[in-house]
Amino acid sequence: MKLKRLLAIAYKETLQIWRDPRSLAIALLMPLMQMGLLGYGVSLDVRHVALCVYDQENSQISRALVQDFASSNWFAVVRQLHNEAELRDAMDRSVCIGAITIASNFTRTLDSSGTASVQAIFDATDVNTTNIAIGYAQGVIALVTADFERNWLRMHGELAQTVGSVDLEPRVMFNEALDSRNFIIPGVVAVILGLVGAQLTSLTVSREWERGTMEQLISTPVTALELMIGKLMPYFIVGLVDAGFCLIAAIFWFRVPFRGAFGTLAATTMLYTLVVLGIGYLVSVRIRSQLGASQVALLLTMLPTTLLSGYTFPIDQMPHFVQMITYAVYPRYFVTILRAVFLKGSGLSELIGPILALVVFAVLIIRIAARSFHKRLDER
Amino acid sequence: MMDIAVQATGLTKRFGSFVAVDNLDLSIAKGEVVGFIGPNGAGKSTTIRMLCGLLKPSAGRAEVAGFDVARDPEAVRAHIGYMSQKFSLYGDLSVRENLLFFGGLYQVPRGEIEARMHMAIGMAGLEGREDVLVQTLAGGWKQRLALGCAILHRPPVLFLDEPTSGVEPEARRKFWELIHQLASQSVTILVSTHYMEEAEYCNRIALINAGQLVAIGSPGELRRHALGGTLYELSCEALGAAVTALGQMPEVIDAAIFSDKLHVLMRGSVEALQPWLATRGVTAGQPVPIAPSLEDVFVQLVSRSSVAGQT
């Protein structure tokens, strides 16, 4: 390998990137746009569930109960209903996801027997949201019940009994706010880099074939390895700038807590960037038309990266054989690494597993890519 | 055999069942300018690409600058300059940047690159336009710059694949001056072209048709001997009838219409020509012996080789 030839390629490639400001702008702005879309669009949290209330009693207690729902932050009371027909209509028109009905004898039943029911109706079209909303509703009711009990005891001149009651005090670590965004955003960074990185390099060889410059290039003594490294060098910088943009957005815009070391983040990001650029280059070497190369790169990275990297769909919930496939989906390792670095502050030694996996991918892909390039017109 | 720059023996290239180059033998001496001539699809580009190590020969072998093209293509590449048929510099790079790029690829020493670039720029006539993007240059300048890029590393052998196609005549003439300058520095050059008048600029001409080498020799040799007879010009009235009548005459090798006259290729005596035509009702003037143009030679040889190829 000759440094002079390698640098000649890198210099030429840099000039070409620089002379095409529109493509460069797309390469740099696209990840930020995707970051905004995926960052805001994907959230597993259920907040402000639209709720209709049919309060048949309209007493002080029933209004207090409704107020408890409204002020819980999990629900938003969107409409007060006045009869059964309206309730039915509201559900049909998806005005709300749930409806609470309080019977006209609610206070009376509560006073006489100590227990009264509140009816909650939910639209289970979206099972996930509904399950979570039902959980929230039970939480609200539990709080209200506890309040009632305390009041009742106080009114009857008794002190609250604490003997014999066991409380579970859950303490969540790493994502204390239980905010799914903190969990998803680091994964989004891995996904976006995976998609954009492969696109960046997918055109670099096919462009030369299409423009006819490749024939001249392969008539010179340049080697396949020099060509690859020289071509990847400037894109490596572009890829790292993209990664920097995404990570800065994650930390300063989406406010994902960052507890790890900058060095760990930088080292693993460089490693991952190398892998994704290598994939794009491999595609570019194999497919001689620009359109074909870009499409194949997209197909090859889009589905595995979004579905099988575990960034929103937990890998341990997948069927066994799909889980096996995910071991070949390199973004999953970077999703794991980023989450651990962001939320747990993990260092290199704790991440040795996924880092080694990425190293194996980098070495494999780059070897295959270098070998796939032949300096002949009649071989692929 | 230090004075042989290019030696091909039985060189063959098949694409599937199509034989693009068929058992081609070619030997080019150091410092020679050889013109590679033939119709489109005759196998000129395929041959040149095999000699550059860009295509792997299906059979036969070739040595360029002393290196085997199949076994040691990298050594071949280091010793040749190549201009592909399609213009292949980088349009989005400037004149200087293209030269620097190829200088780097060919590892031109740092101390010499400026001088050689200066020379290439001068040769292409691009002084003062070093920073212009190549895509804005006109055809002739582009071609000369491509030649400049191909010779930055002072290769002993140059392969030029139709370097002058689509270039205006004045620029073509300049280009050929450059080729002869290089040849005078004992650079060996194989250049393909389909302009007949350019064949005259070559030391030797290799005529190729349907993948086979039909004839090789200096322009003079080809004109004198390749036809196997003497060419006469004949003026007469009924050209069509005359051609038919001459086709039946045993001494006539070929008769063809050239604008308003006939070109008749004959072996032996021309005495019987006029009487032969007269008895067949065609009045003809006195046959005048003429020197065949290279075009005559090519047309004749190509049609003969095509007939032979079919049988």
# chains A, B, ... in the order shown; residues from 1 in each chain; ligands from 1

$ select_by_dssp --residues "segment 70-109 of chain B" --states "helix (DSSP H, G or I)" --output "VMD selection string"
chain B and resid 73 to 78 95 to 105

$ residues_around --residues "segment 70-78 of chain B" --least-positions-apart "2" --cutoff "6 Å" --atoms "only C-alpha atoms" --output "list in words"
Ser219, Thr220 and Pro221 of chain A; Gly53, Phe67, Asp68 and Ile80 of chain B

$ interface_residues --of "chain B" --to "chain A" --cutoff "10 Å" --atoms "only C-alpha atoms" --output "number ranges by chain"
B: 15, 49-50, 52-56, 73-94, 97-98, 100-110, 146, 150

$ atom_distance --atom1 "atom CA of Thr301 of chain A" --atom2 "atom CA of Ala190 of chain A"
11.7 Å

$ atom_distance --atom1 "atom CA of Leu271 of chain A" --atom2 "atom CA of Ala362 of chain A"
7.5 Å

$ closest_residue --among "B:Asp25, B:Glu251, B:Glu271, B:Glu162" --to "Ala199 of chain B" --atoms "only C-alpha atoms"
B:Glu162

$ residues_around --residues "Ala103 of chain A" --least-positions-apart "5" --cutoff "9 Å" --atoms "only C-alpha atoms" --output "number ranges by chain"
A: 54-57, 117-119

$ closest_residue --among "B:Met266, B:Val95, B:Ala171, B:Leu207" --to "Gly247 of chain B" --atoms "only C-alpha atoms"
B:Met266

$ residues_around --residues "segment 214-231 of chain B" --least-positions-apart "5" --cutoff "8 Å" --atoms "only C-alpha atoms" --output "PyMOL selection string"
chain B and resi 199-200+202-209+253+263-268+289-294+297+300-302+305

$ write_last_selection --atoms "N, CA, C and O atoms" --output "CSV table (one decimal), in the first residue's frame"
chain,number,residue,atom,x,y,z
B,199,ALA,N,-4.5,7.5,-40.5
B,199,ALA,CA,-3.7,6.3,-40.7
B,199,ALA,C,-2.4,6.7,-41.3
B,199,ALA,O,-1.4,6.1,-41.1
B,200,GLU,N,-2.4,7.7,-42.2
B,200,GLU,CA,-1.2,8.1,-42.9
B,200,GLU,C,-0.1,8.6,-41.9
B,200,GLU,O,1.0,8.6,-42.3
B,202,CYS,N,0.8,7.2,-39.3
B,202,CYS,CA,1.4,6.1,-38.5
B,202,CYS,C,2.6,5.5,-39.2
B,202,CYS,O,2.6,5.5,-40.4
B,203,ASN,N,3.5,4.9,-38.4
B,203,ASN,CA,4.6,4.2,-39.0
B,203,ASN,C,4.0,2.9,-39.6
B,203,ASN,O,4.4,2.5,-40.7
B,204,ARG,N,3.2,2.3,-38.9
B,204,ARG,CA,2.5,1.1,-39.4
B,204,ARG,C,1.0,1.1,-39.1
B,204,ARG,O,0.6,1.7,-38.1
B,205,ILE,N,0.3,0.3,-39.9
B,205,ILE,CA,-1.1,0.3,-39.7
B,205,ILE,C,-1.5,-1.2,-39.5
B,205,ILE,O,-1.1,-2.1,-40.2
B,206,ALA,N,-2.3,-1.4,-38.4
B,206,ALA,CA,-2.9,-2.8,-38.3
B,206,ALA,C,-4.3,-2.7,-38.6
B,206,ALA,O,-5.1,-1.9,-37.9
B,207,LEU,N,-4.8,-3.4,-39.6
B,207,LEU,CA,-6.2,-3.4,-39.9
B,207,LEU,C,-6.9,-4.6,-39.3
B,207,LEU,O,-6.4,-5.7,-39.5
B,208,ILE,N,-7.9,-4.3,-38.6
B,208,ILE,CA,-8.6,-5.4,-37.9
B,208,ILE,C,-10.1,-5.4,-38.3
B,208,ILE,O,-10.7,-4.4,-38.5
B,209,ASN,N,-10.6,-6.6,-38.5
B,209,ASN,CA,-12.0,-6.7,-38.9
B,209,ASN,C,-12.6,-8.0,-38.3
B,209,ASN,O,-11.9,-9.1,-38.3
B,253,ILE,N,-10.2,-8.4,-60.2
B,253,ILE,CA,-10.3,-8.8,-58.8
B,253,ILE,C,-11.6,-8.1,-58.2
B,253,ILE,O,-12.4,-8.7,-57.4
B,263,HIS,N,-13.6,2.2,-60.0
B,263,HIS,CA,-12.3,1.8,-59.6
B,263,HIS,C,-12.2,0.3,-59.9
B,263,HIS,O,-13.0,-0.5,-59.3
B,264,VAL,N,-11.3,-0.1,-60.7
B,264,VAL,CA,-11.2,-1.5,-61.1
B,264,VAL,C,-9.8,-2.1,-60.7
B,264,VAL,O,-8.8,-1.5,-61.0
B,265,LEU,N,-9.8,-3.1,-59.9
B,265,LEU,CA,-8.6,-3.7,-59.4
B,265,LEU,C,-8.3,-5.0,-60.3
B,265,LEU,O,-9.2,-5.9,-60.4
B,266,MET,N,-7.2,-5.0,-61.0
B,266,MET,CA,-6.9,-6.0,-61.9
B,266,MET,C,-5.5,-6.7,-61.7
B,266,MET,O,-4.6,-6.0,-61.3
B,267,ARG,N,-5.5,-8.0,-62.0
B,267,ARG,CA,-4.2,-8.6,-62.0
B,267,ARG,C,-3.9,-8.8,-63.5
B,267,ARG,O,-4.7,-9.0,-64.3
B,268,GLY,N,-2.6,-8.7,-63.8
B,268,GLY,CA,-2.2,-8.8,-65.2
B,268,GLY,C,-2.5,-7.6,-66.1
B,268,GLY,O,-2.6,-6.5,-65.6
B,289,PRO,N,-4.1,4.1,-64.6
B,289,PRO,CA,-3.6,3.5,-63.4
B,289,PRO,C,-3.6,4.6,-62.3
B,289,PRO,O,-3.1,5.7,-62.5
B,290,ILE,N,-4.1,4.2,-61.1
B,290,ILE,CA,-4.0,5.2,-60.0
B,290,ILE,C,-3.4,4.6,-58.8
B,290,ILE,O,-3.4,3.3,-58.6
B,291,ALA,N,-2.8,5.4,-57.9
B,291,ALA,CA,-2.3,4.9,-56.6
B,291,ALA,C,-3.5,4.8,-55.7
B,291,ALA,O,-4.3,5.7,-55.6
B,292,PRO,N,-3.7,3.6,-55.1
B,292,PRO,CA,-4.9,3.4,-54.3
B,292,PRO,C,-4.7,4.3,-53.0
B,292,PRO,O,-3.6,4.4,-52.5
B,293,SER,N,-5.9,4.8,-52.6
B,293,SER,CA,-5.8,5.5,-51.3
B,293,SER,C,-5.9,4.4,-50.2
B,293,SER,O,-6.3,3.3,-50.5
B,294,LEU,N,-5.6,4.7,-49.0
B,294,LEU,CA,-5.7,3.7,-47.9
B,294,LEU,C,-7.2,3.3,-47.8
B,294,LEU,O,-7.4,2.1,-47.4
B,297,VAL,N,-7.7,0.5,-50.0
B,297,VAL,CA,-7.1,-0.7,-49.4
B,297,VAL,C,-8.0,-1.3,-48.3
B,297,VAL,O,-8.3,-2.5,-48.3
B,300,GLN,N,-11.3,-2.8,-49.7
B,300,GLN,CA,-11.0,-4.0,-50.3
B,300,GLN,C,-10.7,-5.2,-49.4
B,300,GLN,O,-11.3,-6.2,-49.4
B,301,LEU,N,-9.8,-4.9,-48.4
B,301,LEU,CA,-9.4,-5.9,-47.5
B,301,LEU,C,-10.5,-6.3,-46.6
B,301,LEU,O,-10.7,-7.5,-46.3
B,302,VAL,N,-11.3,-5.3,-46.1
B,302,VAL,CA,-12.4,-5.7,-45.2
B,302,VAL,C,-13.4,-6.5,-45.9
B,302,VAL,O,-13.9,-7.5,-45.3
B,305,SER,N,-12.1,-10.0,-46.3
B,305,SER,CA,-12.0,-10.8,-45.0
B,305,SER,C,-13.4,-11.1,-44.5
B,305,SER,O,-13.6,-12.2,-43.9

$ residues_around --residues "segment 250-253 of chain A" --least-positions-apart "3" --cutoff "8 Å" --atoms "only C-alpha atoms" --output "PDB file with N, CA, C and O atoms, in the first residue's frame"
ATOM      1  N   ILE A 185     -34.092   7.613  22.256  1.00  0.00           N
ATOM      2  CA  ILE A 185     -33.244   8.547  21.499  1.00  0.00           C
ATOM      3  C   ILE A 185     -31.834   8.001  21.214  1.00  0.00           C
ATOM      4  O   ILE A 185     -31.371   8.075  20.067  1.00  0.00           O
ATOM      5  N   PRO A 186     -31.149   7.428  22.200  1.00  0.00           N
ATOM      6  CA  PRO A 186     -29.827   6.880  21.858  1.00  0.00           C
ATOM      7  C   PRO A 186     -29.928   5.831  20.743  1.00  0.00           C
ATOM      8  O   PRO A 186     -29.077   5.785  19.844  1.00  0.00           O
ATOM      9  N   VAL A 189     -30.196   7.491  17.341  1.00  0.00           N
ATOM     10  CA  VAL A 189     -28.902   7.928  16.811  1.00  0.00           C
ATOM     11  C   VAL A 189     -28.239   6.778  16.046  1.00  0.00           C
ATOM     12  O   VAL A 189     -27.736   6.959  14.932  1.00  0.00           O
ATOM     13  N   CYS A 246     -26.130  14.364  15.622  1.00  0.00           N
ATOM     14  CA  CYS A 246     -27.188  13.556  16.246  1.00  0.00           C
ATOM     15  C   CYS A 246     -26.982  13.469  17.757  1.00  0.00           C
ATOM     16  O   CYS A 246     -27.935  13.583  18.536  1.00  0.00           O
ATOM     17  N   LEU A 247     -25.727  13.268  18.166  1.00  0.00           N
ATOM     18  CA  LEU A 247     -25.459  13.110  19.596  1.00  0.00           C
ATOM     19  C   LEU A 247     -25.699  14.427  20.333  1.00  0.00           C
ATOM     20  O   LEU A 247     -26.260  14.447  21.435  1.00  0.00           O
ATOM     21  N   VAL A 256     -31.526  13.939  26.831  1.00  0.00           N
ATOM     22  CA  VAL A 256     -31.288  12.602  27.353  1.00  0.00           C
ATOM     23  C   VAL A 256     -30.096  12.702  28.300  1.00  0.00           C
ATOM     24  O   VAL A 256     -29.080  13.287  27.938  1.00  0.00           O
ATOM     25  N   PRO A 257     -30.225  12.194  29.530  1.00  0.00           N
ATOM     26  CA  PRO A 257     -29.099  12.313  30.459  1.00  0.00           C
ATOM     27  C   PRO A 257     -27.870  11.589  29.915  1.00  0.00           C
ATOM     28  O   PRO A 257     -27.973  10.453  29.468  1.00  0.00           O
ATOM     29  N   PHE A 258     -26.740  12.268  29.926  1.00  0.00           N
ATOM     30  CA  PHE A 258     -25.510  11.652  29.441  1.00  0.00           C
ATOM     31  C   PHE A 258     -24.564  11.426  30.614  1.00  0.00           C
ATOM     32  O   PHE A 258     -24.074  12.373  31.204  1.00  0.00           O
TER      33      PHE A 258
END

$ select_by_dssp --residues "segment 115-273 of chain A" --states "strand (DSSP E)" --output "ChimeraX atom specification"
/A:119-122

$ write_last_selection --atoms "C-alpha atoms" --output "PDB file, in the first residue's frame"
ATOM      1  CA  GLN A 119     -67.351   2.408  35.171  1.00  0.00           C
ATOM      2  CA  ALA A 120     -64.484   2.902  32.731  1.00  0.00           C
ATOM      3  CA  ILE A 121     -64.965   2.130  29.047  1.00  0.00           C
ATOM      4  CA  PHE A 122     -61.940   1.950  26.775  1.00  0.00           C
TER       5      PHE A 122
END

$ residues_around --residues "segment 339-348 of chain A" --least-positions-apart "4" --cutoff "7 Å" --atoms "only C-alpha atoms" --output "PDB file with N, CA and C atoms, in the first residue's frame"
ATOM      1  N   PHE A 174     -31.290   4.296  36.350  1.00  0.00           N
ATOM      2  CA  PHE A 174     -30.808   4.635  34.994  1.00  0.00           C
ATOM      3  C   PHE A 174     -31.764   5.497  34.195  1.00  0.00           C
ATOM      4  N   ASN A 175     -33.039   5.291  34.353  1.00  0.00           N
ATOM      5  CA  ASN A 175     -33.979   6.167  33.653  1.00  0.00           C
ATOM      6  C   ASN A 175     -35.072   6.491  34.651  1.00  0.00           C
ATOM      7  N   PHE A 183     -34.801   6.339  26.562  1.00  0.00           N
ATOM      8  CA  PHE A 183     -34.448   5.000  26.171  1.00  0.00           C
ATOM      9  C   PHE A 183     -34.336   4.915  24.645  1.00  0.00           C
ATOM     10  N   PRO A 186     -31.149   7.428  22.200  1.00  0.00           N
ATOM     11  CA  PRO A 186     -29.827   6.880  21.858  1.00  0.00           C
ATOM     12  C   PRO A 186     -29.928   5.831  20.743  1.00  0.00           C
ATOM     13  N   GLY A 187     -30.990   5.036  20.766  1.00  0.00           N
ATOM     14  CA  GLY A 187     -31.194   4.057  19.701  1.00  0.00           C
ATOM     15  C   GLY A 187     -31.430   4.728  18.361  1.00  0.00           C
ATOM     16  N   PRO A 257     -30.225  12.194  29.530  1.00  0.00           N
ATOM     17  CA  PRO A 257     -29.099  12.313  30.459  1.00  0.00           C
ATOM     18  C   PRO A 257     -27.870  11.589  29.915  1.00  0.00           C
ATOM     19  N   PHE A 258     -26.740  12.268  29.926  1.00  0.00           N
ATOM     20  CA  PHE A 258     -25.510  11.652  29.441  1.00  0.00           C
ATOM     21  C   PHE A 258     -24.564  11.426  30.614  1.00  0.00           C
ATOM     22  N   ARG A 259     -24.344  10.179  30.958  1.00  0.00           N
ATOM     23  CA  ARG A 259     -23.571   9.874  32.163  1.00  0.00           C
ATOM     24  C   ARG A 259     -22.233   9.240  31.863  1.00  0.00           C
ATOM     25  N   GLY A 260     -21.994   8.935  30.576  1.00  0.00           N
ATOM     26  CA  GLY A 260     -20.773   8.216  30.231  1.00  0.00           C
ATOM     27  C   GLY A 260     -19.606   9.155  29.988  1.00  0.00           C
ATOM     28  N   ALA A 261     -18.519   8.568  29.508  1.00  0.00           N
ATOM     29  CA  ALA A 261     -17.330   9.359  29.214  1.00  0.00           C
ATOM     30  C   ALA A 261     -17.331   9.713  27.734  1.00  0.00           C
ATOM     31  N   THR A 264     -15.325   7.218  25.535  1.00  0.00           N
ATOM     32  CA  THR A 264     -16.033   5.977  25.198  1.00  0.00           C
ATOM     33  C   THR A 264     -16.986   6.226  24.042  1.00  0.00           C
ATOM     34  N   LEU A 265     -17.718   7.339  24.146  1.00  0.00           N
ATOM     35  CA  LEU A 265     -18.682   7.678  23.104  1.00  0.00           C
ATOM     36  C   LEU A 265     -17.970   7.867  21.763  1.00  0.00           C
ATOM     37  N   VAL A 335     -26.785   0.257  19.414  1.00  0.00           N
ATOM     38  CA  VAL A 335     -27.936   0.654  20.233  1.00  0.00           C
ATOM     39  C   VAL A 335     -27.633   0.321  21.701  1.00  0.00           C
ATOM     40  N   ILE A 352     -17.336  -4.421  26.452  1.00  0.00           N
ATOM     41  CA  ILE A 352     -16.395  -5.180  25.630  1.00  0.00           C
ATOM     42  C   ILE A 352     -17.105  -6.118  24.649  1.00  0.00           C
TER      43      ILE A 352
END

$ atom_distance --atom1 "atom CA of Glu198 of chain B" --atom2 "atom CA of Ala20 of chain B"
24.1 Å

$ residues_around --residues "segment 143-151 of chain A" --least-positions-apart "2" --cutoff "8 Å" --atoms "only C-alpha atoms" --output "PyMOL selection string"
chain A and resi 65+68+139-141+153-155+160

$ write_last_selection --atoms "all heavy atoms" --output "compact mmCIF listing (two decimals), in the first residue's frame"
# COMPACT_ATOMS: atom_id res chain seq x y z
N LEU A 65 -63.65 13.48 42.09
CA LEU A 65 -63.07 12.30 41.44
C LEU A 65 -62.64 12.63 40.00
O LEU A 65 -61.53 12.30 39.56
CB LEU A 65 -64.10 11.16 41.43
CG LEU A 65 -63.65 9.85 40.78
CD1 LEU A 65 -62.47 9.25 41.51
CD2 LEU A 65 -64.82 8.86 40.74
N ASP A 68 -59.58 14.59 39.97
CA ASP A 68 -58.38 13.76 40.18
C ASP A 68 -57.87 13.17 38.87
O ASP A 68 -56.67 13.11 38.63
CB ASP A 68 -58.68 12.63 41.18
CG ASP A 68 -58.68 13.14 42.62
OD1 ASP A 68 -57.92 14.10 42.89
OD2 ASP A 68 -59.44 12.60 43.44
N GLY A 139 -54.50 3.37 38.82
CA GLY A 139 -53.65 4.15 39.72
C GLY A 139 -54.38 5.34 40.30
O GLY A 139 -54.30 5.61 41.51
N VAL A 140 -55.10 6.05 39.45
CA VAL A 140 -55.85 7.23 39.93
C VAL A 140 -56.85 6.79 40.98
O VAL A 140 -56.95 7.38 42.06
CB VAL A 140 -56.56 7.93 38.75
CG1 VAL A 140 -57.49 9.03 39.27
CG2 VAL A 140 -55.54 8.50 37.78
N ILE A 141 -57.59 5.70 40.66
CA ILE A 141 -58.62 5.23 41.59
C ILE A 141 -57.99 4.80 42.92
O ILE A 141 -58.50 5.09 44.00
CB ILE A 141 -59.41 4.05 40.97
CG1 ILE A 141 -60.20 4.53 39.75
CG2 ILE A 141 -60.32 3.40 42.00
CD1 ILE A 141 -61.31 5.52 40.08
N LEU A 153 -61.25 7.52 58.25
CA LEU A 153 -60.66 7.19 59.54
C LEU A 153 -60.58 8.43 60.42
O LEU A 153 -60.89 8.40 61.60
CB LEU A 153 -59.25 6.60 59.36
CG LEU A 153 -59.21 5.18 58.79
CD1 LEU A 153 -57.79 4.79 58.41
CD2 LEU A 153 -59.77 4.19 59.80
N ARG A 154 -60.16 9.56 59.77
CA ARG A 154 -60.02 10.79 60.54
C ARG A 154 -61.38 11.23 61.07
O ARG A 154 -61.54 11.61 62.21
CB ARG A 154 -59.40 11.88 59.68
CG ARG A 154 -58.65 12.89 60.52
CD ARG A 154 -57.81 13.84 59.70
NE ARG A 154 -58.47 14.30 58.51
CZ ARG A 154 -57.88 14.26 57.29
NH1 ARG A 154 -56.68 13.76 57.16
NH2 ARG A 154 -58.53 14.72 56.23
N MET A 155 -62.38 11.14 60.20
CA MET A 155 -63.72 11.57 60.60
C MET A 155 -64.23 10.72 61.75
O MET A 155 -65.01 11.18 62.58
CB MET A 155 -64.68 11.47 59.41
CG MET A 155 -64.69 12.75 58.57
SD MET A 155 -65.22 12.44 56.88
CE MET A 155 -66.74 11.60 57.15
N ALA A 160 -54.65 6.42 61.50
CA ALA A 160 -54.41 5.46 60.42
C ALA A 160 -53.60 4.28 60.93
O ALA A 160 -52.63 4.43 61.65
CB ALA A 160 -53.66 6.15 59.29

$ closest_residue --among "A:Ala357, A:Ile237, A:Leu227, A:Ala369" --to "Val283 of chain A" --atoms "only C-alpha atoms"
A:Ala369

$ closest_residue --among "B:Ile257, B:Val299, B:Met249, B:Ala59" --to "Trp276 of chain B" --atoms "only C-alpha atoms"
B:Met249

$ decode --residues "segment 213-220 of chain A" --atoms "all heavy atoms" --output "CSV table (one decimal), in the first residue's frame"
chain,number,residue,atom,x,y,z
A,213,THR,N,-15.2,7.2,-15.5
A,213,THR,CA,-13.8,7.5,-14.9
A,213,THR,C,-13.1,6.3,-14.4
A,213,THR,O,-11.9,6.3,-14.2
A,213,THR,CB,-13.9,8.6,-13.8
A,213,THR,OG1,-15.0,8.2,-12.9
A,213,THR,CG2,-14.2,10.0,-14.4
A,214,MET,N,-14.0,5.3,-14.1
A,214,MET,CA,-13.4,4.1,-13.5
A,214,MET,C,-12.4,3.4,-14.4
A,214,MET,O,-11.3,2.9,-14.0
A,214,MET,CB,-14.5,3.1,-13.1
A,214,MET,CG,-14.0,1.9,-12.3
A,214,MET,SD,-13.0,2.4,-10.8
A,214,MET,CE,-14.3,2.5,-9.6
A,215,GLU,N,-12.7,3.4,-15.7
A,215,GLU,CA,-11.8,2.7,-16.6
A,215,GLU,C,-10.4,3.3,-16.6
A,215,GLU,O,-9.4,2.6,-16.6
A,215,GLU,CB,-12.4,2.7,-18.0
A,215,GLU,CG,-11.6,1.9,-19.0
A,215,GLU,CD,-12.3,1.6,-20.3
A,215,GLU,OE1,-13.5,1.8,-20.4
A,215,GLU,OE2,-11.6,1.2,-21.2
A,216,GLN,N,-10.4,4.6,-16.5
A,216,GLN,CA,-9.1,5.3,-16.4
A,216,GLN,C,-8.4,5.0,-15.1
A,216,GLN,O,-7.2,4.7,-15.0
A,216,GLN,CB,-9.3,6.8,-16.6
A,216,GLN,CG,-8.0,7.6,-16.8
A,216,GLN,CD,-7.5,7.3,-18.2
A,216,GLN,OE1,-8.3,7.4,-19.2
A,216,GLN,NE2,-6.3,7.0,-18.4
A,217,LEU,N,-9.2,5.0,-14.0
A,217,LEU,CA,-8.7,4.8,-12.7
A,217,LEU,C,-8.0,3.4,-12.5
A,217,LEU,O,-7.0,3.2,-12.0
A,217,LEU,CB,-9.8,4.9,-11.7
A,217,LEU,CG,-9.5,5.2,-10.2
A,217,LEU,CD1,-8.6,6.4,-10.1
A,217,LEU,CD2,-10.8,5.4,-9.5
A,218,ILE,N,-8.7,2.4,-13.1
A,218,ILE,CA,-8.2,1.0,-12.9
A,218,ILE,C,-7.0,0.7,-13.9
A,218,ILE,O,-6.4,-0.3,-13.8
A,218,ILE,CB,-9.2,-0.1,-13.0
A,218,ILE,CG1,-10.0,-0.1,-14.3
A,218,ILE,CG2,-10.2,0.0,-11.8
A,218,ILE,CD1,-11.0,-1.2,-14.5
A,219,SER,N,-6.8,1.6,-14.8
A,219,SER,CA,-5.6,1.4,-15.7
A,219,SER,C,-4.3,2.0,-15.0
A,219,SER,O,-3.2,1.8,-15.5
A,219,SER,CB,-5.8,2.1,-17.0
A,219,SER,OG,-5.6,3.5,-16.9
A,220,THR,N,-4.5,2.6,-13.8
A,220,THR,CA,-3.3,3.0,-13.1
A,220,THR,C,-2.9,2.0,-12.0
A,220,THR,O,-3.7,1.0,-11.8
A,220,THR,CB,-3.6,4.3,-12.3
A,220,THR,OG1,-4.5,4.0,-11.2
A,220,THR,CG2,-4.3,5.4,-13.2
